[in-house]
Amino acid sequence: MIVQDLRQLGSLSMNSSQLPQGEEKTRAVRAMFDTIAGRYEFVNRLMTLGLDGRWRKMTVENLHLPQGSKILDVASGTGDFARELARQSHLALATDLSFGMLQAARSVPERVQSDGSQLPFPSGSFDGVTCGYALRNFTDLQGTFNEMARVIRPGGRLSILEIAEPQSALLRLGFNFWFRKFVPLLGSILSDKAAYSYLPRSTAYLPDSDELVRMLGRSGFSTVNHRYVMSGLSQQICATRIG
């Protein structure tokens, strides 16, 4: 079943209507990340030329929460954000759909497997939530934003890092070659061809920045701030949970 799901992902086009939806997407995404967990961090560093570490540091800093705050890292993967939270003296709990990714996050002591749209935590139990490069992988993005809002205490903070596309035509040309041509080739050599063919295509799931801001507002966040990082190679969204 896992092999079948991955082959299906790898053969699909950029059109979101041809990408898996609903429970089919959930199964396929879980299978994909279970498969690539072992080399995920290594390939990520090569894909971003190591810049993702700097961006994650900034994203955690922009929570603007005091040291010792309790932070939930949603779609934590192998724990990059959770480790950065710990470096900045926060108490991090990692949750991810993929058990394989959580198994690979051995340096993160607190890990819970869960779907982002059904978080198994009491309401208002966290001071903040982080999420990195995962919005396009959620089957129910609005439901996931609703759950993030639910588990954050009133006045708590949300900080999200996500892929974007440069606004400059020249930078966009280079980005498209790198992300849509080179990354799948790199992934096929170092990890799994189907998975890294799917990752660039998965951007078709991602709403535009204005819609992301509106969705967060509907979920109960205020002062939703969006900005592009490094000329649009990534984007960051910060918001405050309405009291």
# chains A, B, ... in the order shown; residues from 1 in each chain; ligands from 1
>>> residues_around(residues="A:Arg106", least_positions_apart="4", cutoff="9 Å", atoms="only C-alpha atoms", output="CSV table (one decimal) with N, CA and C atoms, in the first residue's frame")
chain,number,residue,atom,x,y,z
A,78,THR,N,11.1,15.6,11.8
A,78,THR,CA,12.2,15.0,12.6
A,78,THR,C,12.7,16.0,13.7
A,79,GLY,N,12.0,17.1,14.0
A,79,GLY,CA,12.2,17.8,15.2
A,79,GLY,C,13.1,19.1,15.0
A,102,LEU,N,8.6,11.0,13.6
A,102,LEU,CA,8.7,11.1,15.0
A,102,LEU,C,9.8,10.1,15.5
>>> residues_around(residues="stretch 147-154 of chain A", least_positions_apart="2", cutoff="12 Å", atoms="only C-alpha atoms", output="PyMOL selection string")
chain A and resi 69-75+95+114-131+140-145+156-160+215-222+239-243
>>> write_last_selection(atoms="C-alpha atoms", output="PDB file, in the first residue's frame")
ATOM      1  CA  SER A  69       6.831  29.068  27.338  1.00  0.00           C
ATOM      2  CA  LYS A  70       5.104  25.816  26.398  1.00  0.00           C
ATOM      3  CA  ILE A  71       5.076  25.502  22.603  1.00  0.00           C
ATOM      4  CA  LEU A  72       3.446  22.877  20.389  1.00  0.00           C
ATOM      5  CA  ASP A  73       5.289  22.212  17.128  1.00  0.00           C
ATOM      6  CA  VAL A  74       2.692  20.923  14.654  1.00  0.00           C
ATOM      7  CA  ALA A  75       3.910  18.730  11.767  1.00  0.00           C
ATOM      8  CA  THR A  95       3.434  16.274  17.030  1.00  0.00           C
ATOM      9  CA  SER A 114      -1.564  13.101  15.657  1.00  0.00           C
ATOM     10  CA  ASP A 115      -3.398  14.652  12.717  1.00  0.00           C
ATOM     11  CA  GLY A 116      -3.207  18.446  12.780  1.00  0.00           C
ATOM     12  CA  SER A 117      -6.968  18.746  12.398  1.00  0.00           C
ATOM     13  CA  GLN A 118      -7.570  16.522  15.464  1.00  0.00           C
ATOM     14  CA  LEU A 119      -4.999  17.547  18.058  1.00  0.00           C
ATOM     15  CA  PRO A 120      -5.258  15.412  21.240  1.00  0.00           C
ATOM     16  CA  PHE A 121      -4.580  18.260  23.685  1.00  0.00           C
ATOM     17  CA  PRO A 122      -6.814  20.283  26.022  1.00  0.00           C
ATOM     18  CA  SER A 123      -7.994  23.707  24.922  1.00  0.00           C
ATOM     19  CA  GLY A 124      -5.690  26.562  25.882  1.00  0.00           C
ATOM     20  CA  SER A 125      -2.894  24.241  26.996  1.00  0.00           C
ATOM     21  CA  PHE A 126      -0.048  25.925  25.059  1.00  0.00           C
ATOM     22  CA  ASP A 127       1.447  29.400  25.014  1.00  0.00           C
ATOM     23  CA  GLY A 128       2.198  29.111  21.324  1.00  0.00           C
ATOM     24  CA  VAL A 129       2.345  26.959  18.200  1.00  0.00           C
ATOM     25  CA  THR A 130       4.972  26.675  15.486  1.00  0.00           C
ATOM     26  CA  CYS A 131       4.655  24.973  12.121  1.00  0.00           C
ATOM     27  CA  ASP A 140      -8.066  19.922   6.239  1.00  0.00           C
ATOM     28  CA  LEU A 141      -6.105  23.173   6.469  1.00  0.00           C
ATOM     29  CA  GLN A 142      -8.938  25.267   7.902  1.00  0.00           C
ATOM     30  CA  GLY A 143      -9.650  22.565  10.462  1.00  0.00           C
ATOM     31  CA  THR A 144      -5.959  22.511  11.374  1.00  0.00           C
ATOM     32  CA  PHE A 145      -5.921  26.288  11.896  1.00  0.00           C
ATOM     33  CA  GLY A 156      -0.805  33.152  22.897  1.00  0.00           C
ATOM     34  CA  ARG A 157       1.134  33.230  19.648  1.00  0.00           C
ATOM     35  CA  LEU A 158       1.381  31.369  16.347  1.00  0.00           C
ATOM     36  CA  SER A 159       4.440  31.451  14.077  1.00  0.00           C
ATOM     37  CA  ILE A 160       4.440  29.650  10.721  1.00  0.00           C
ATOM     38  CA  MET A 215      -8.276  31.611   7.081  1.00  0.00           C
ATOM     39  CA  LEU A 216      -6.334  32.375  10.252  1.00  0.00           C
ATOM     40  CA  GLY A 217      -8.707  35.232  11.017  1.00  0.00           C
ATOM     41  CA  ARG A 218     -11.662  32.875  10.679  1.00  0.00           C
ATOM     42  CA  SER A 219      -9.983  30.483  13.123  1.00  0.00           C
ATOM     43  CA  GLY A 220      -9.732  33.086  15.870  1.00  0.00           C
ATOM     44  CA  PHE A 221      -6.379  34.793  15.329  1.00  0.00           C
ATOM     45  CA  SER A 222      -5.862  38.544  15.298  1.00  0.00           C
ATOM     46  CA  ALA A 239      -0.576  35.852  14.692  1.00  0.00           C
ATOM     47  CA  THR A 240      -2.030  36.265  18.172  1.00  0.00           C
ATOM     48  CA  ARG A 241      -4.833  34.121  19.596  1.00  0.00           C
ATOM     49  CA  ILE A 242      -7.854  36.286  20.325  1.00  0.00           C
ATOM     50  CA  GLY A 243      -8.661  36.365  24.049  1.00  0.00           C
TER      51      GLY A 243
END
>>> closest_residue(among="A:Ser231, A:Val224, A:Phe81, A:Gly22", to="A:Leu170", atoms="only C-alpha atoms")
A:Ser231
>>> select_by_dssp(residues="stretch 41-165 of chain A", states="strand (DSSP E)", output="ChimeraX atom specification")
/A:70-74,91-96,111-113,126-132,152-163
>>> write_last_selection(atoms="N, CA and C atoms", output="CSV table (one decimal), in the first residue's frame")
chain,number,residue,atom,x,y,z
A,70,LYS,N,5.4,27.2,26.9
A,70,LYS,CA,5.1,25.8,26.4
A,70,LYS,C,4.6,25.9,25.0
A,71,ILE,N,5.4,25.3,24.0
A,71,ILE,CA,5.1,25.5,22.6
A,71,ILE,C,4.8,24.1,22.0
A,72,LEU,N,3.8,24.1,21.2
A,72,LEU,CA,3.4,22.9,20.4
A,72,LEU,C,4.0,23.1,19.0
A,73,ASP,N,4.8,22.2,18.5
A,73,ASP,CA,5.3,22.2,17.1
A,73,ASP,C,4.5,21.2,16.3
A,74,VAL,N,3.6,21.7,15.5
A,74,VAL,CA,2.7,20.9,14.7
A,74,VAL,C,3.4,20.5,13.3
A,91,LEU,N,9.7,25.2,26.2
A,91,LEU,CA,9.4,23.8,26.4
A,91,LEU,C,8.6,23.3,25.2
A,92,ALA,N,9.2,22.4,24.4
A,92,ALA,CA,8.6,22.0,23.2
A,92,ALA,C,8.0,20.7,23.2
A,93,LEU,N,6.8,20.5,22.6
A,93,LEU,CA,6.2,19.2,22.4
A,93,LEU,C,6.0,19.1,20.9
A,94,ALA,N,6.5,18.0,20.3
A,94,ALA,CA,6.4,17.8,18.9
A,94,ALA,C,5.2,16.8,18.6
A,95,THR,N,4.5,17.2,17.5
A,95,THR,CA,3.4,16.3,17.0
A,95,THR,C,3.5,16.2,15.5
A,96,ASP,N,3.2,15.0,15.0
A,96,ASP,CA,3.3,14.8,13.5
A,96,ASP,C,2.4,13.7,13.1
A,111,ARG,N,7.1,13.7,22.2
A,111,ARG,CA,6.6,13.5,20.9
A,111,ARG,C,5.2,12.7,20.9
A,112,VAL,N,4.3,13.2,20.1
A,112,VAL,CA,3.0,12.6,20.1
A,112,VAL,C,2.5,12.6,18.6
A,113,GLN,N,2.1,11.4,18.2
A,113,GLN,CA,1.6,11.3,16.8
A,113,GLN,C,0.1,11.7,16.8
A,126,PHE,N,-1.4,25.5,25.5
A,126,PHE,CA,0.0,25.9,25.1
A,126,PHE,C,0.0,27.4,25.0
A,127,ASP,N,1.2,28.0,25.2
A,127,ASP,CA,1.4,29.4,25.0
A,127,ASP,C,1.6,29.8,23.6
A,128,GLY,N,2.0,28.8,22.7
A,128,GLY,CA,2.2,29.1,21.3
A,128,GLY,C,2.3,27.9,20.5
A,129,VAL,N,2.2,28.1,19.2
A,129,VAL,CA,2.3,27.0,18.2
A,129,VAL,C,3.3,27.4,17.1
A,130,THR,N,4.2,26.5,16.7
A,130,THR,CA,5.0,26.7,15.5
A,130,THR,C,4.6,25.6,14.5
A,131,CYS,N,4.9,25.9,13.2
A,131,CYS,CA,4.7,25.0,12.1
A,131,CYS,C,5.6,25.4,11.0
A,132,GLY,N,6.3,24.4,10.4
A,132,GLY,CA,7.3,24.7,9.4
A,132,GLY,C,7.1,23.9,8.1
A,152,ILE,N,-4.1,26.9,21.8
A,152,ILE,CA,-3.3,28.1,22.3
A,152,ILE,C,-4.2,28.9,23.3
A,153,ARG,N,-3.6,29.3,24.4
A,153,ARG,CA,-4.3,30.1,25.4
A,153,ARG,C,-4.6,31.5,24.8
A,154,PRO,N,-5.6,32.1,25.3
A,154,PRO,CA,-5.9,33.5,24.8
A,154,PRO,C,-4.7,34.4,25.0
A,155,GLY,N,-4.3,35.1,24.0
A,155,GLY,CA,-3.1,36.0,24.0
A,155,GLY,C,-1.9,35.2,23.6
A,156,GLY,N,-2.0,33.9,23.3
A,156,GLY,CA,-0.8,33.2,22.9
A,156,GLY,C,-0.5,33.4,21.4
A,157,ARG,N,0.6,32.8,21.0
A,157,ARG,CA,1.1,33.2,19.6
A,157,ARG,C,1.3,32.0,18.7
A,158,LEU,N,1.2,32.3,17.4
A,158,LEU,CA,1.4,31.4,16.3
A,158,LEU,C,2.5,31.9,15.4
A,159,SER,N,3.4,31.0,15.0
A,159,SER,CA,4.4,31.5,14.1
A,159,SER,C,4.6,30.3,13.1
A,160,ILE,N,4.4,30.6,11.8
A,160,ILE,CA,4.4,29.7,10.7
A,160,ILE,C,5.5,30.0,9.7
A,161,LEU,N,6.2,29.0,9.2
A,161,LEU,CA,7.2,29.2,8.1
A,161,LEU,C,6.7,28.3,7.0
A,162,GLU,N,6.7,28.9,5.8
A,162,GLU,CA,6.2,28.1,4.7
A,162,GLU,C,6.9,28.5,3.4
A,163,ILE,N,6.9,27.6,2.4
A,163,ILE,CA,7.5,27.9,1.1
A,163,ILE,C,6.7,29.0,0.4
>>> residues_around(residues="A:Met58", least_positions_apart="5", cutoff="10 Å", atoms="only C-alpha atoms", output="MDAnalysis selection string")
chainID A and resid 52:53 63 84 159 161 236
>>> write_last_selection(atoms="C-alpha atoms", output="PDB file, in the first residue's frame")
ATOM      1  CA  ASP A  52      16.401  26.746   6.649  1.00  0.00           C
ATOM      2  CA  GLY A  53      18.167  26.742  10.028  1.00  0.00           C
ATOM      3  CA  LEU A  63       6.819  34.169  18.692  1.00  0.00           C
ATOM      4  CA  GLU A  84      15.283  25.302  17.982  1.00  0.00           C
ATOM      5  CA  SER A 159       4.440  31.451  14.077  1.00  0.00           C
ATOM      6  CA  LEU A 161       7.200  29.201   8.136  1.00  0.00           C
ATOM      7  CA  GLN A 236       6.320  33.740   7.480  1.00  0.00           C
TER       8      GLN A 236
END
>>> atom_distance(atom1="atom CA of A:Trp55", atom2="atom CA of A:Val229")
8.0 Å
>>> residues_around(residues="A:Tyr196", least_positions_apart="4", cutoff="10 Å", atoms="only C-alpha atoms", output="mmCIF file with N, CA and C atoms, in the first residue's frame")
data_model
loop_
_atom_site.group_PDB
_atom_site.id
_atom_site.type_symbol
_atom_site.label_atom_id
_atom_site.label_comp_id
_atom_site.auth_asym_id
_atom_site.auth_seq_id
_atom_site.Cartn_x
_atom_site.Cartn_y
_atom_site.Cartn_z
ATOM 1 N N LEU A 6 2.960 6.062 -2.903
ATOM 2 C CA LEU A 6 4.080 6.886 -3.331
ATOM 3 C C LEU A 6 4.166 6.977 -4.847
ATOM 4 N N LEU A 9 1.625 9.469 -5.993
ATOM 5 C CA LEU A 9 2.061 10.840 -5.741
ATOM 6 C C LEU A 9 3.072 11.285 -6.785
ATOM 7 N N GLY A 10 4.027 10.447 -7.076
ATOM 8 C CA GLY A 10 5.086 10.815 -7.989
ATOM 9 C C GLY A 10 4.641 11.008 -9.418
ATOM 10 N N MET A 32 4.451 8.791 2.546
ATOM 11 C CA MET A 32 5.613 9.470 1.972
ATOM 12 C C MET A 32 6.611 9.846 3.061
ATOM 13 N N ILE A 36 10.642 8.647 3.785
ATOM 14 C CA ILE A 36 11.821 9.494 3.627
ATOM 15 C C ILE A 36 12.403 9.978 4.961
ATOM 16 N N VAL A 43 18.725 15.688 3.303
ATOM 17 C CA VAL A 43 18.286 16.213 2.008
ATOM 18 C C VAL A 43 17.784 17.643 2.152
ATOM 19 N N PHE A 179 13.808 24.207 -7.528
ATOM 20 C CA PHE A 179 12.801 23.490 -6.754
ATOM 21 C C PHE A 179 12.057 22.442 -7.578
ATOM 22 N N ARG A 180 11.814 22.743 -8.834
ATOM 23 C CA ARG A 180 10.986 21.830 -9.635
ATOM 24 C C ARG A 180 11.796 20.882 -10.513
ATOM 25 N N PHE A 182 15.817 20.477 -9.994
ATOM 26 C CA PHE A 182 16.980 19.940 -9.293
ATOM 27 C C PHE A 182 16.595 19.163 -8.038
ATOM 28 N N VAL A 183 15.643 19.689 -7.258
ATOM 29 C CA VAL A 183 15.256 19.013 -6.013
ATOM 30 C C VAL A 183 14.731 17.597 -6.268
ATOM 31 N N PRO A 184 13.823 17.384 -7.248
ATOM 32 C CA PRO A 184 13.406 16.004 -7.527
ATOM 33 C C PRO A 184 14.571 15.098 -7.933
ATOM 34 N N LEU A 185 15.519 15.646 -8.706
ATOM 35 C CA LEU A 185 16.685 14.852 -9.092
ATOM 36 C C LEU A 185 17.529 14.508 -7.874
ATOM 37 N N LEU A 186 17.772 15.509 -7.023
ATOM 38 C CA LEU A 186 18.547 15.283 -5.801
ATOM 39 C C LEU A 186 17.865 14.253 -4.906
ATOM 40 N N GLY A 187 16.553 14.405 -4.742
ATOM 41 C CA GLY A 187 15.805 13.477 -3.900
ATOM 42 C C GLY A 187 15.815 12.061 -4.436
ATOM 43 N N SER A 188 15.748 11.931 -5.761
ATOM 44 C CA SER A 188 15.740 10.591 -6.357
ATOM 45 C C SER A 188 17.077 9.887 -6.167
ATOM 46 N N ILE A 189 18.167 10.670 -6.111
ATOM 47 C CA ILE A 189 19.498 10.091 -5.917
ATOM 48 C C ILE A 189 19.740 9.732 -4.455
ATOM 49 N N LEU A 190 19.310 10.613 -3.548
ATOM 50 C CA LEU A 190 19.659 10.467 -2.137
ATOM 51 C C LEU A 190 18.572 9.847 -1.282
ATOM 52 N N SER A 191 17.315 9.845 -1.788
ATOM 53 C CA SER A 191 16.231 9.355 -0.932
ATOM 54 C C SER A 191 15.206 8.592 -1.755
ATOM 55 N N ASP A 192 14.059 9.209 -2.059
ATOM 56 C CA ASP A 192 12.971 8.513 -2.749
ATOM 57 C C ASP A 192 12.476 9.362 -3.913
ATOM 58 N N PRO A 200 7.495 19.297 -4.908
ATOM 59 C CA PRO A 200 7.253 20.535 -5.647
ATOM 60 C C PRO A 200 5.805 20.654 -6.142
ATOM 61 N N ARG A 201 5.199 19.523 -6.511
ATOM 62 C CA ARG A 201 3.821 19.560 -6.986
ATOM 63 C C ARG A 201 2.838 19.931 -5.879
#
>>> residues_around(residues="A:Gly38", least_positions_apart="3", cutoff="10 Å", atoms="only C-alpha atoms", output="list of chain:residue names")
A:Phe33, A:Asp34, A:Thr35, A:Glu41, A:Phe42, A:Val43, A:Thr78, A:Gly100, A:Met101, A:Gln103, A:Ala104, A:Ala105, A:Ser191
>>> write_last_selection(atoms="C-alpha atoms", output="PDB file, in the first residue's frame")
ATOM      1  CA  PHE A  33       7.060  10.927   5.163  1.00  0.00           C
ATOM      2  CA  ASP A  34       7.399   7.502   6.793  1.00  0.00           C
ATOM      3  CA  THR A  35       9.482   6.490   3.769  1.00  0.00           C
ATOM      4  CA  GLU A  41      17.137  16.292   7.409  1.00  0.00           C
ATOM      5  CA  PHE A  42      20.187  15.587   5.251  1.00  0.00           C
ATOM      6  CA  VAL A  43      18.286  16.213   2.008  1.00  0.00           C
ATOM      7  CA  THR A  78      12.236  15.033  12.623  1.00  0.00           C
ATOM      8  CA  GLY A 100       8.384   7.402  11.011  1.00  0.00           C
ATOM      9  CA  MET A 101       9.310  11.075  11.259  1.00  0.00           C
ATOM     10  CA  GLN A 103      10.887   7.984  15.388  1.00  0.00           C
ATOM     11  CA  ALA A 104      13.695   9.831  13.608  1.00  0.00           C
ATOM     12  CA  ALA A 105      13.345  12.772  16.042  1.00  0.00           C
ATOM     13  CA  SER A 191      16.231   9.355  -0.932  1.00  0.00           C
TER      14      SER A 191
END
>>> select_by_dssp(residues="stretch 14-231 of chain A", states="alpha helix (DSSP H)", output="PyMOL selection string")
chain A and resi 22-36+40-48+51-61+80-87+99-104+141-151+169-177+183-190+193-201+209-219
>>> closest_residue(among="A:Asn62, A:Ser107, A:Asn137, A:Thr48", to="A:Met230", atoms="only C-alpha atoms")
A:Thr48
>>> closest_residue(among="A:Gln235, A:Asn44, A:Ser202, A:Ser89", to="A:Thr139", atoms="only C-alpha atoms")
A:Ser202
>>> atom_distance(atom1="atom CA of A:Leu212", atom2="atom CA of A:Leu135")
9.7 Å
